[in-house]
Amino acid sequence: MDANCPGGPTWRSRRGKVPDYTALMRTDPLAYLGEELDSLKQQNLYRRLRILDGEQKAHTTFDHRSVVNLSSNNYLGLTTHPRLRARALEALQTYGVGSGSVRTIAGTMAIHMELERRLAEFKQVEAVVVFQSGFTANAGTVSAILTKEDIVISDELNHASIIDGCRLSRATIKVFPHKDVDAARRIIQDLPVTQRRLLITDGVFSMDGDLGPLPALCELAEETGCIMMVDDAHASGVFGKNGRGTVDHFGMHGRVDVQVGTLSKAIGALGGYVAGGRNLIEFLYQRARPFLFSTSHPPSVAAACIAALDVLLEQPEIMEQLWDNTRFFKTGLERLGFNTGISESPITPVIAGDSAKANTLSDRLFEEGVFAQAIGYPTVARDKARVRTIVTATHTREDLQYALDAFAKVGREIGLIQ
Ligand SMILES: Cc1ncc(COP(=O)(O)O)c(C=O)c1O
């Protein structure tokens, strides 16, 4: 602050008195945050960031150590795909680095509309709206389409962005045990039929890698008149024909009212989207707060996402490679005797027990040249701490065998397997 400006240290009030700053001196009002951090560290819940030195790839360098990377959501290796890079660079040269505004003022560029058209075609729906992230797609949509008069019936393991959207909507939240469709039915049967109800599930659950019971939930939604919503963040580019998601995988086209997808994981760039009927999308254009109040994507990101859709359609062999690798790695872990839970996707947890054990497993693996992040409470139950592995299409067999050997060595060392 300028010393002579009002409020600056030498500024004098009109009456010539120097303000008494000692009265304003105080202890750090944010000191409690330091105490919270200490407490996290004591409980072994503090997350240290690993720094990626180069590109987000299957074999790369974190914290200056060369590792097989089993922690990214880059399922198809598209973060570094030459076609995405080329399209992003071209858009960067043609349109510049930013969009300069929110979508509803001056930030809707032709390339945003092209991306939405391409996604709608891909998902076989009337329309799509793109958000800045999968998180804002979920939170912005649930909070826009529901009010405090309404009710959400939500799987207990749904993603945080769904939970936040529910809270923002102020609707009543009813949680059903994981994948328990009968429990969801009992909840719905007790609700007044006049109330608007949203039934919501993840398509793929991000910590266990299992699938939401979409056919049974769609049937329940139809029987009871609920709005049906699926968050397909981890299914986009992974499940269904050409990566169209779990709605396609289960043959549920036309039976899910609101589909959320992400552009940040298998698509390799950044963003989220909502796919559905024209009214839904028009309404979100008018009312979804992240759409209204936060700047749209840089054109290069939109261009990269369009290129990713081309790759999904023209190179289905990449998805086949992802699934080949997934089968190889999962079978390897199971043969070694690890508890890999109930996964049905390329996300495979290796359940270790408490957070301390999961952290030790992850840290030792890292020393052995394998990066598999530990996930503990409160993200998962206290006794189900794990390292979470995600195989990608671009891992080589040598990468995966190397990782399996490291798991075998460390798993024996810490008594997880014999
Ligand atoms: C199930 C699920 N939904 C939504 C998201 C948010 O997606 P994004 O990373 O694009 O914000 C994630 C990402 O962690 C997720 O796992």
# chains A, B, ... in the order shown; residues from 1 in each chain; ligands from 1
call {"tool": "closest_atom_pairs", "arguments": {"of": "chain A", "to": "ligand 1", "cutoff": "7 Å", "atoms": "only C-alpha atoms and all ligand atoms", "output": "Markdown table"}}
result
| residue | atom | partner | partner_atom_place_in_ligand_line | distance |
| --- | --- | --- | --- | --- |
| A:Ser133 | CA | ligand 1 | 11 (O) | 4.1 |
| A:Gly134 | CA | ligand 1 | 10 (O) | 3.4 |
| A:Phe135 | CA | ligand 1 | 11 (O) | 3.8 |
| A:Thr136 | CA | ligand 1 | 11 (O) | 6.6 |
| A:Asn138 | CA | ligand 1 | 4 (C) | 6.9 |
| A:Asn158 | CA | ligand 1 | 1 (C) | 6.9 |
| A:His159 | CA | ligand 1 | 1 (C) | 4.8 |
| A:Ser161 | CA | ligand 1 | 4 (C) | 6.2 |
| A:Asp202 | CA | ligand 1 | 1 (C) | 5.8 |
| A:Val204 | CA | ligand 1 | 1 (C) | 6.7 |
| A:Phe205 | CA | ligand 1 | 1 (C) | 5.9 |
| A:Ser206 | CA | ligand 1 | 16 (O) | 4.9 |
| A:Asp231 | CA | ligand 1 | 3 (N) | 5.9 |
| A:Asp232 | CA | ligand 1 | 1 (C) | 6.7 |
| A:Ala233 | CA | ligand 1 | 3 (N) | 4.8 |
| A:His234 | CA | ligand 1 | 1 (C) | 6.1 |
| A:Thr262 | CA | ligand 1 | 10 (O) | 4.8 |
| A:Leu263 | CA | ligand 1 | 10 (O) | 6.1 |
| A:Ser264 | CA | ligand 1 | 10 (O) | 4.6 |
| A:Lys265 | CA | ligand 1 | 10 (O) | 6.8 |
| A:Leu270 | CA | ligand 1 | 10 (O) | 6.2 |
| A:Gly271 | CA | ligand 1 | 10 (O) | 5.2 |
| A:Gly272 | CA | ligand 1 | 10 (O) | 5.3 |
call {"tool": "write_last_selection", "arguments": {"atoms": "C-alpha atoms", "output": "PDB file, in the first residue's frame"}}
result
ATOM      1  CA  SER A 133     -15.393 -29.396 -15.756  1.00  0.00           C
ATOM      2  CA  GLY A 134     -17.247 -32.568 -14.876  1.00  0.00           C
ATOM      3  CA  PHE A 135     -17.514 -31.182 -11.362  1.00  0.00           C
ATOM      4  CA  THR A 136     -19.328 -28.038 -12.474  1.00  0.00           C
ATOM      5  CA  ASN A 138     -22.813 -32.170 -11.968  1.00  0.00           C
ATOM      6  CA  ASN A 158     -21.865 -40.885  -5.617  1.00  0.00           C
ATOM      7  CA  HIS A 159     -19.182 -38.355  -6.484  1.00  0.00           C
ATOM      8  CA  SER A 161     -19.801 -32.969  -7.192  1.00  0.00           C
ATOM      9  CA  ASP A 202     -22.471 -42.732 -10.936  1.00  0.00           C
ATOM     10  CA  VAL A 204     -18.641 -46.055 -12.864  1.00  0.00           C
ATOM     11  CA  PHE A 205     -17.776 -45.500  -9.208  1.00  0.00           C
ATOM     12  CA  SER A 206     -14.425 -43.807  -9.068  1.00  0.00           C
ATOM     13  CA  ASP A 231     -22.690 -39.344 -13.995  1.00  0.00           C
ATOM     14  CA  ASP A 232     -20.572 -41.118 -16.600  1.00  0.00           C
ATOM     15  CA  ALA A 233     -17.276 -39.349 -15.864  1.00  0.00           C
ATOM     16  CA  HIS A 234     -15.232 -42.572 -15.711  1.00  0.00           C
ATOM     17  CA  THR A 262     -16.310 -35.520 -18.612  1.00  0.00           C
ATOM     18  CA  LEU A 263     -13.734 -34.294 -21.098  1.00  0.00           C
ATOM     19  CA  SER A 264     -11.004 -34.365 -18.431  1.00  0.00           C
ATOM     20  CA  LYS A 265     -10.336 -38.084 -18.191  1.00  0.00           C
ATOM     21  CA  LEU A 270     -10.622 -30.604 -19.645  1.00  0.00           C
ATOM     22  CA  GLY A 271     -14.333 -30.052 -19.200  1.00  0.00           C
ATOM     23  CA  GLY A 272     -17.639 -31.712 -18.568  1.00  0.00           C
TER      24      GLY A 272
END
call {"tool": "residues_around", "arguments": {"residues": "range 59-67 of chain A", "least_positions_apart": "5", "cutoff": "12 Å", "atoms": "only C-alpha atoms", "output": "PDB file with N, CA and C atoms, in the first residue's frame"}}
result
ATOM      1  N   ARG A  48       0.167 -35.177   0.260  1.00  0.00           N
ATOM      2  CA  ARG A  48       1.310 -34.482  -0.329  1.00  0.00           C
ATOM      3  C   ARG A  48       1.194 -34.571  -1.846  1.00  0.00           C
ATOM      4  N   LEU A  49       1.459 -33.444  -2.519  1.00  0.00           N
ATOM      5  CA  LEU A  49       1.320 -33.449  -3.972  1.00  0.00           C
ATOM      6  C   LEU A  49       2.563 -34.041  -4.617  1.00  0.00           C
ATOM      7  N   ARG A  50       2.355 -34.980  -5.501  1.00  0.00           N
ATOM      8  CA  ARG A  50       3.472 -35.462  -6.322  1.00  0.00           C
ATOM      9  C   ARG A  50       3.532 -34.585  -7.565  1.00  0.00           C
ATOM     10  N   ILE A  51       4.725 -34.165  -7.936  1.00  0.00           N
ATOM     11  CA  ILE A  51       4.862 -33.229  -9.058  1.00  0.00           C
ATOM     12  C   ILE A  51       5.292 -33.975 -10.322  1.00  0.00           C
ATOM     13  N   LEU A  52       4.454 -33.819 -11.346  1.00  0.00           N
ATOM     14  CA  LEU A  52       4.735 -34.433 -12.649  1.00  0.00           C
ATOM     15  C   LEU A  52       5.732 -33.535 -13.382  1.00  0.00           C
ATOM     16  N   ASP A  53       6.889 -34.100 -13.712  1.00  0.00           N
ATOM     17  CA  ASP A  53       7.938 -33.271 -14.315  1.00  0.00           C
ATOM     18  C   ASP A  53       7.736 -33.068 -15.815  1.00  0.00           C
ATOM     19  N   GLY A  54       7.101 -34.036 -16.477  1.00  0.00           N
ATOM     20  CA  GLY A  54       6.950 -33.915 -17.930  1.00  0.00           C
ATOM     21  C   GLY A  54       5.505 -34.094 -18.344  1.00  0.00           C
ATOM     22  N   SER A  72      -3.193 -41.966 -13.293  1.00  0.00           N
ATOM     23  CA  SER A  72      -3.909 -40.936 -14.058  1.00  0.00           C
ATOM     24  C   SER A  72      -5.202 -41.500 -14.638  1.00  0.00           C
ATOM     25  N   ASN A  74      -6.031 -40.877 -17.643  1.00  0.00           N
ATOM     26  CA  ASN A  74      -5.745 -40.698 -19.065  1.00  0.00           C
ATOM     27  C   ASN A  74      -5.904 -42.044 -19.788  1.00  0.00           C
ATOM     28  N   GLY A  77      -4.701 -42.455 -23.334  1.00  0.00           N
ATOM     29  CA  GLY A  77      -3.438 -41.802 -23.705  1.00  0.00           C
ATOM     30  C   GLY A  77      -3.646 -40.566 -24.559  1.00  0.00           C
ATOM     31  N   LEU A 365       5.977 -48.605  -3.258  1.00  0.00           N
ATOM     32  CA  LEU A 365       5.852 -48.823  -4.708  1.00  0.00           C
ATOM     33  C   LEU A 365       6.566 -47.703  -5.462  1.00  0.00           C
ATOM     34  N   PHE A 366       6.393 -46.491  -4.954  1.00  0.00           N
ATOM     35  CA  PHE A 366       7.016 -45.349  -5.620  1.00  0.00           C
ATOM     36  C   PHE A 366       8.538 -45.515  -5.642  1.00  0.00           C
ATOM     37  N   GLU A 367       9.082 -45.967  -4.490  1.00  0.00           N
ATOM     38  CA  GLU A 367      10.536 -46.193  -4.442  1.00  0.00           C
ATOM     39  C   GLU A 367      10.960 -47.256  -5.448  1.00  0.00           C
ATOM     40  N   GLU A 368      10.035 -48.191  -5.707  1.00  0.00           N
ATOM     41  CA  GLU A 368      10.346 -49.267  -6.663  1.00  0.00           C
ATOM     42  C   GLU A 368      10.052 -48.859  -8.105  1.00  0.00           C
ATOM     43  N   GLY A 369       9.570 -47.598  -8.295  1.00  0.00           N
ATOM     44  CA  GLY A 369       9.340 -47.125  -9.664  1.00  0.00           C
ATOM     45  C   GLY A 369       7.922 -47.311 -10.175  1.00  0.00           C
ATOM     46  N   VAL A 370       6.952 -47.338  -9.240  1.00  0.00           N
ATOM     47  CA  VAL A 370       5.536 -47.463  -9.649  1.00  0.00           C
ATOM     48  C   VAL A 370       4.726 -46.419  -8.885  1.00  0.00           C
ATOM     49  N   PHE A 371       3.999 -45.586  -9.613  1.00  0.00           N
ATOM     50  CA  PHE A 371       3.190 -44.560  -8.953  1.00  0.00           C
ATOM     51  C   PHE A 371       1.726 -45.004  -8.909  1.00  0.00           C
ATOM     52  N   ALA A 372       1.275 -45.357  -7.713  1.00  0.00           N
ATOM     53  CA  ALA A 372      -0.133 -45.722  -7.491  1.00  0.00           C
ATOM     54  C   ALA A 372      -0.539 -45.011  -6.202  1.00  0.00           C
ATOM     55  N   GLN A 373      -1.384 -44.017  -6.342  1.00  0.00           N
ATOM     56  CA  GLN A 373      -1.701 -43.132  -5.213  1.00  0.00           C
ATOM     57  C   GLN A 373      -2.528 -43.852  -4.153  1.00  0.00           C
ATOM     58  N   VAL A 391      -5.211 -48.549 -15.239  1.00  0.00           N
ATOM     59  CA  VAL A 391      -4.437 -48.964 -16.410  1.00  0.00           C
ATOM     60  C   VAL A 391      -4.871 -48.112 -17.596  1.00  0.00           C
ATOM     61  N   THR A 392      -3.962 -47.822 -18.501  1.00  0.00           N
ATOM     62  CA  THR A 392      -4.343 -47.087 -19.707  1.00  0.00           C
ATOM     63  C   THR A 392      -3.990 -47.913 -20.954  1.00  0.00           C
ATOM     64  N   ALA A 393      -4.493 -47.430 -22.100  1.00  0.00           N
ATOM     65  CA  ALA A 393      -4.232 -48.130 -23.361  1.00  0.00           C
ATOM     66  C   ALA A 393      -2.762 -48.052 -23.734  1.00  0.00           C
ATOM     67  N   THR A 394      -2.068 -47.050 -23.223  1.00  0.00           N
ATOM     68  CA  THR A 394      -0.695 -46.823 -23.669  1.00  0.00           C
ATOM     69  C   THR A 394       0.363 -47.481 -22.781  1.00  0.00           C
ATOM     70  N   HIS A 395      -0.055 -48.169 -21.721  1.00  0.00           N
ATOM     71  CA  HIS A 395       0.927 -48.968 -20.978  1.00  0.00           C
ATOM     72  C   HIS A 395       1.379 -50.125 -21.867  1.00  0.00           C
ATOM     73  N   THR A 396       2.672 -50.389 -21.840  1.00  0.00           N
ATOM     74  CA  THR A 396       3.163 -51.564 -22.561  1.00  0.00           C
ATOM     75  C   THR A 396       3.050 -52.772 -21.619  1.00  0.00           C
ATOM     76  N   ARG A 397       3.145 -53.966 -22.203  1.00  0.00           N
ATOM     77  CA  ARG A 397       3.143 -55.166 -21.355  1.00  0.00           C
ATOM     78  C   ARG A 397       4.309 -55.125 -20.375  1.00  0.00           C
ATOM     79  N   GLU A 398       5.450 -54.577 -20.831  1.00  0.00           N
ATOM     80  CA  GLU A 398       6.632 -54.491 -19.949  1.00  0.00           C
ATOM     81  C   GLU A 398       6.326 -53.573 -18.760  1.00  0.00           C
ATOM     82  N   ASP A 399       5.650 -52.443 -19.035  1.00  0.00           N
ATOM     83  CA  ASP A 399       5.260 -51.530 -17.939  1.00  0.00           C
ATOM     84  C   ASP A 399       4.421 -52.287 -16.909  1.00  0.00           C
ATOM     85  N   LEU A 400       3.427 -53.006 -17.433  1.00  0.00           N
ATOM     86  CA  LEU A 400       2.464 -53.646 -16.521  1.00  0.00           C
ATOM     87  C   LEU A 400       3.115 -54.795 -15.757  1.00  0.00           C
ATOM     88  N   TYR A 402       6.270 -54.984 -15.036  1.00  0.00           N
ATOM     89  CA  TYR A 402       7.160 -54.322 -14.074  1.00  0.00           C
ATOM     90  C   TYR A 402       6.361 -53.925 -12.818  1.00  0.00           C
ATOM     91  N   ALA A 403       5.169 -53.347 -13.063  1.00  0.00           N
ATOM     92  CA  ALA A 403       4.327 -52.912 -11.934  1.00  0.00           C
ATOM     93  C   ALA A 403       3.878 -54.120 -11.111  1.00  0.00           C
ATOM     94  N   ALA A 406       6.637 -55.263  -8.918  1.00  0.00           N
ATOM     95  CA  ALA A 406       6.820 -54.354  -7.771  1.00  0.00           C
ATOM     96  C   ALA A 406       5.726 -54.596  -6.727  1.00  0.00           C
TER      97      ALA A 406
END
call {"tool": "closest_atom_pairs", "arguments": {"of": "range 80-190 of chain A", "to": "range 254-261 of chain A", "cutoff": "12 Å", "atoms": "only C-alpha atoms", "output": "JSON lines"}}
result
{"residue": "A:Leu119", "atom": "CA", "partner": "A:Gly261", "partner_atom": "CA", "distance": 9.8}
{"residue": "A:Ala120", "atom": "CA", "partner": "A:Gln259", "partner_atom": "CA", "distance": 10.9}
{"residue": "A:Phe122", "atom": "CA", "partner": "A:Gly261", "partner_atom": "CA", "distance": 11.7}
{"residue": "A:Lys123", "atom": "CA", "partner": "A:Gln259", "partner_atom": "CA", "distance": 9.1}
{"residue": "A:Gln124", "atom": "CA", "partner": "A:Gly254", "partner_atom": "CA", "distance": 9.0}
{"residue": "A:Val125", "atom": "CA", "partner": "A:Gly254", "partner_atom": "CA", "distance": 8.1}
{"residue": "A:Glu126", "atom": "CA", "partner": "A:Gly254", "partner_atom": "CA", "distance": 10.3}
{"residue": "A:Ala127", "atom": "CA", "partner": "A:Val258", "partner_atom": "CA", "distance": 10.8}
{"residue": "A:Val128", "atom": "CA", "partner": "A:Gln259", "partner_atom": "CA", "distance": 9.3}
{"residue": "A:Val129", "atom": "CA", "partner": "A:Val260", "partner_atom": "CA", "distance": 9.7}
{"residue": "A:Val130", "atom": "CA", "partner": "A:Gly261", "partner_atom": "CA", "distance": 9.3}
{"residue": "A:Phe131", "atom": "CA", "partner": "A:Gly261", "partner_atom": "CA", "distance": 9.9}
{"residue": "A:Gln132", "atom": "CA", "partner": "A:Gly261", "partner_atom": "CA", "distance": 11.7}
{"residue": "A:Ser133", "atom": "CA", "partner": "A:Gly261", "partner_atom": "CA", "distance": 9.3}
{"residue": "A:Gly134", "atom": "CA", "partner": "A:Gly261", "partner_atom": "CA", "distance": 6.5}
{"residue": "A:Phe135", "atom": "CA", "partner": "A:Val260", "partner_atom": "CA", "distance": 9.7}
{"residue": "A:Thr136", "atom": "CA", "partner": "A:Val260", "partner_atom": "CA", "distance": 10.3}
{"residue": "A:Ala137", "atom": "CA", "partner": "A:Val260", "partner_atom": "CA", "distance": 6.8}
{"residue": "A:Asn138", "atom": "CA", "partner": "A:Val260", "partner_atom": "CA", "distance": 6.8}
{"residue": "A:Ala139", "atom": "CA", "partner": "A:Val260", "partner_atom": "CA", "distance": 10.5}
{"residue": "A:Gly140", "atom": "CA", "partner": "A:Val260", "partner_atom": "CA", "distance": 11.0}
{"residue": "A:Thr141", "atom": "CA", "partner": "A:Val258", "partner_atom": "CA", "distance": 8.9}
{"residue": "A:Val142", "atom": "CA", "partner": "A:Val258", "partner_atom": "CA", "distance": 9.7}
{"residue": "A:Ile145", "atom": "CA", "partner": "A:Val258", "partner_atom": "CA", "distance": 10.4}
{"residue": "A:His159", "atom": "CA", "partner": "A:Val260", "partner_atom": "CA", "distance": 11.8}
{"residue": "A:Ser161", "atom": "CA", "partner": "A:Val260", "partner_atom": "CA", "distance": 11.3}
{"residue": "A:Ile162", "atom": "CA", "partner": "A:Val260", "partner_atom": "CA", "distance": 10.5}
call {"tool": "closest_residue", "arguments": {"among": "A:Leu292, A:Leu336, A:Ala304, A:Val230", "to": "Ala275 in chain A", "atoms": "only C-alpha atoms"}}
result
A:Val230
call {"tool": "residues_around", "arguments": {"residues": "Glu222 in chain A", "least_positions_apart": "4", "cutoff": "12 Å", "atoms": "only C-alpha atoms", "output": "list in words"}}
result
Arg185, Ile188, Arg197, Leu198, Leu199, Pro215, Ala216, Leu217, Cys218, Cys226, Ile227, Met228, Gly254, Arg255, Val256 and Asp257 of chain A
call {"tool": "write_last_selection", "arguments": {"atoms": "N, CA and C atoms", "output": "PDB file, in the first residue's frame"}}
result
ATOM      1  N   ARG A 185     -35.974 -48.119  -3.878  1.00  0.00           N
ATOM      2  CA  ARG A 185     -37.416 -48.278  -4.123  1.00  0.00           C
ATOM      3  C   ARG A 185     -38.214 -47.984  -2.844  1.00  0.00           C
ATOM      4  N   ILE A 188     -38.388 -44.330  -2.231  1.00  0.00           N
ATOM      5  CA  ILE A 188     -39.281 -43.626  -3.163  1.00  0.00           C
ATOM      6  C   ILE A 188     -40.740 -43.916  -2.823  1.00  0.00           C
ATOM      7  N   ARG A 197     -38.848 -35.844  -8.017  1.00  0.00           N
ATOM      8  CA  ARG A 197     -37.792 -36.684  -7.449  1.00  0.00           C
ATOM      9  C   ARG A 197     -36.725 -36.987  -8.505  1.00  0.00           C
ATOM     10  N   LEU A 198     -35.485 -36.903  -8.077  1.00  0.00           N
ATOM     11  CA  LEU A 198     -34.361 -37.205  -8.975  1.00  0.00           C
ATOM     12  C   LEU A 198     -33.624 -38.433  -8.435  1.00  0.00           C
ATOM     13  N   LEU A 199     -33.510 -39.446  -9.269  1.00  0.00           N
ATOM     14  CA  LEU A 199     -32.765 -40.663  -8.897  1.00  0.00           C
ATOM     15  C   LEU A 199     -31.407 -40.571  -9.588  1.00  0.00           C
ATOM     16  N   PRO A 215     -29.725 -50.615 -15.520  1.00  0.00           N
ATOM     17  CA  PRO A 215     -31.014 -51.129 -15.989  1.00  0.00           C
ATOM     18  C   PRO A 215     -32.068 -51.124 -14.881  1.00  0.00           C
ATOM     19  N   ALA A 216     -31.696 -51.582 -13.681  1.00  0.00           N
ATOM     20  CA  ALA A 216     -32.687 -51.648 -12.589  1.00  0.00           C
ATOM     21  C   ALA A 216     -33.087 -50.247 -12.131  1.00  0.00           C
ATOM     22  N   LEU A 217     -32.149 -49.330 -12.122  1.00  0.00           N
ATOM     23  CA  LEU A 217     -32.481 -47.959 -11.695  1.00  0.00           C
ATOM     24  C   LEU A 217     -33.381 -47.270 -12.725  1.00  0.00           C
ATOM     25  N   CYS A 218     -33.108 -47.516 -14.018  1.00  0.00           N
ATOM     26  CA  CYS A 218     -33.959 -46.911 -15.058  1.00  0.00           C
ATOM     27  C   CYS A 218     -35.383 -47.434 -14.926  1.00  0.00           C
ATOM     28  N   CYS A 226     -39.604 -40.860 -11.535  1.00  0.00           N
ATOM     29  CA  CYS A 226     -38.432 -40.051 -11.133  1.00  0.00           C
ATOM     30  C   CYS A 226     -37.688 -39.563 -12.377  1.00  0.00           C
ATOM     31  N   ILE A 227     -36.980 -38.463 -12.218  1.00  0.00           N
ATOM     32  CA  ILE A 227     -35.998 -38.054 -13.236  1.00  0.00           C
ATOM     33  C   ILE A 227     -34.799 -38.978 -13.034  1.00  0.00           C
ATOM     34  N   MET A 228     -34.227 -39.513 -14.133  1.00  0.00           N
ATOM     35  CA  MET A 228     -33.079 -40.427 -14.006  1.00  0.00           C
ATOM     36  C   MET A 228     -31.817 -39.702 -14.476  1.00  0.00           C
ATOM     37  N   GLY A 254     -32.323 -43.344 -24.353  1.00  0.00           N
ATOM     38  CA  GLY A 254     -33.709 -42.848 -24.254  1.00  0.00           C
ATOM     39  C   GLY A 254     -34.319 -43.047 -22.875  1.00  0.00           C
ATOM     40  N   ARG A 255     -33.620 -43.739 -21.975  1.00  0.00           N
ATOM     41  CA  ARG A 255     -34.189 -44.012 -20.653  1.00  0.00           C
ATOM     42  C   ARG A 255     -33.498 -43.244 -19.537  1.00  0.00           C
ATOM     43  N   VAL A 256     -32.463 -42.503 -19.877  1.00  0.00           N
ATOM     44  CA  VAL A 256     -31.770 -41.677 -18.877  1.00  0.00           C
ATOM     45  C   VAL A 256     -31.999 -40.214 -19.277  1.00  0.00           C
ATOM     46  N   ASP A 257     -32.589 -39.446 -18.377  1.00  0.00           N
ATOM     47  CA  ASP A 257     -32.975 -38.076 -18.726  1.00  0.00           C
ATOM     48  C   ASP A 257     -31.788 -37.122 -18.753  1.00  0.00           C
TER      49      ASP A 257
END
call {"tool": "atom_distance", "arguments": {"atom1": "CA of Thr326 in chain A", "atom2": "CA of Thr348 in chain A"}}
result
8.7 Å
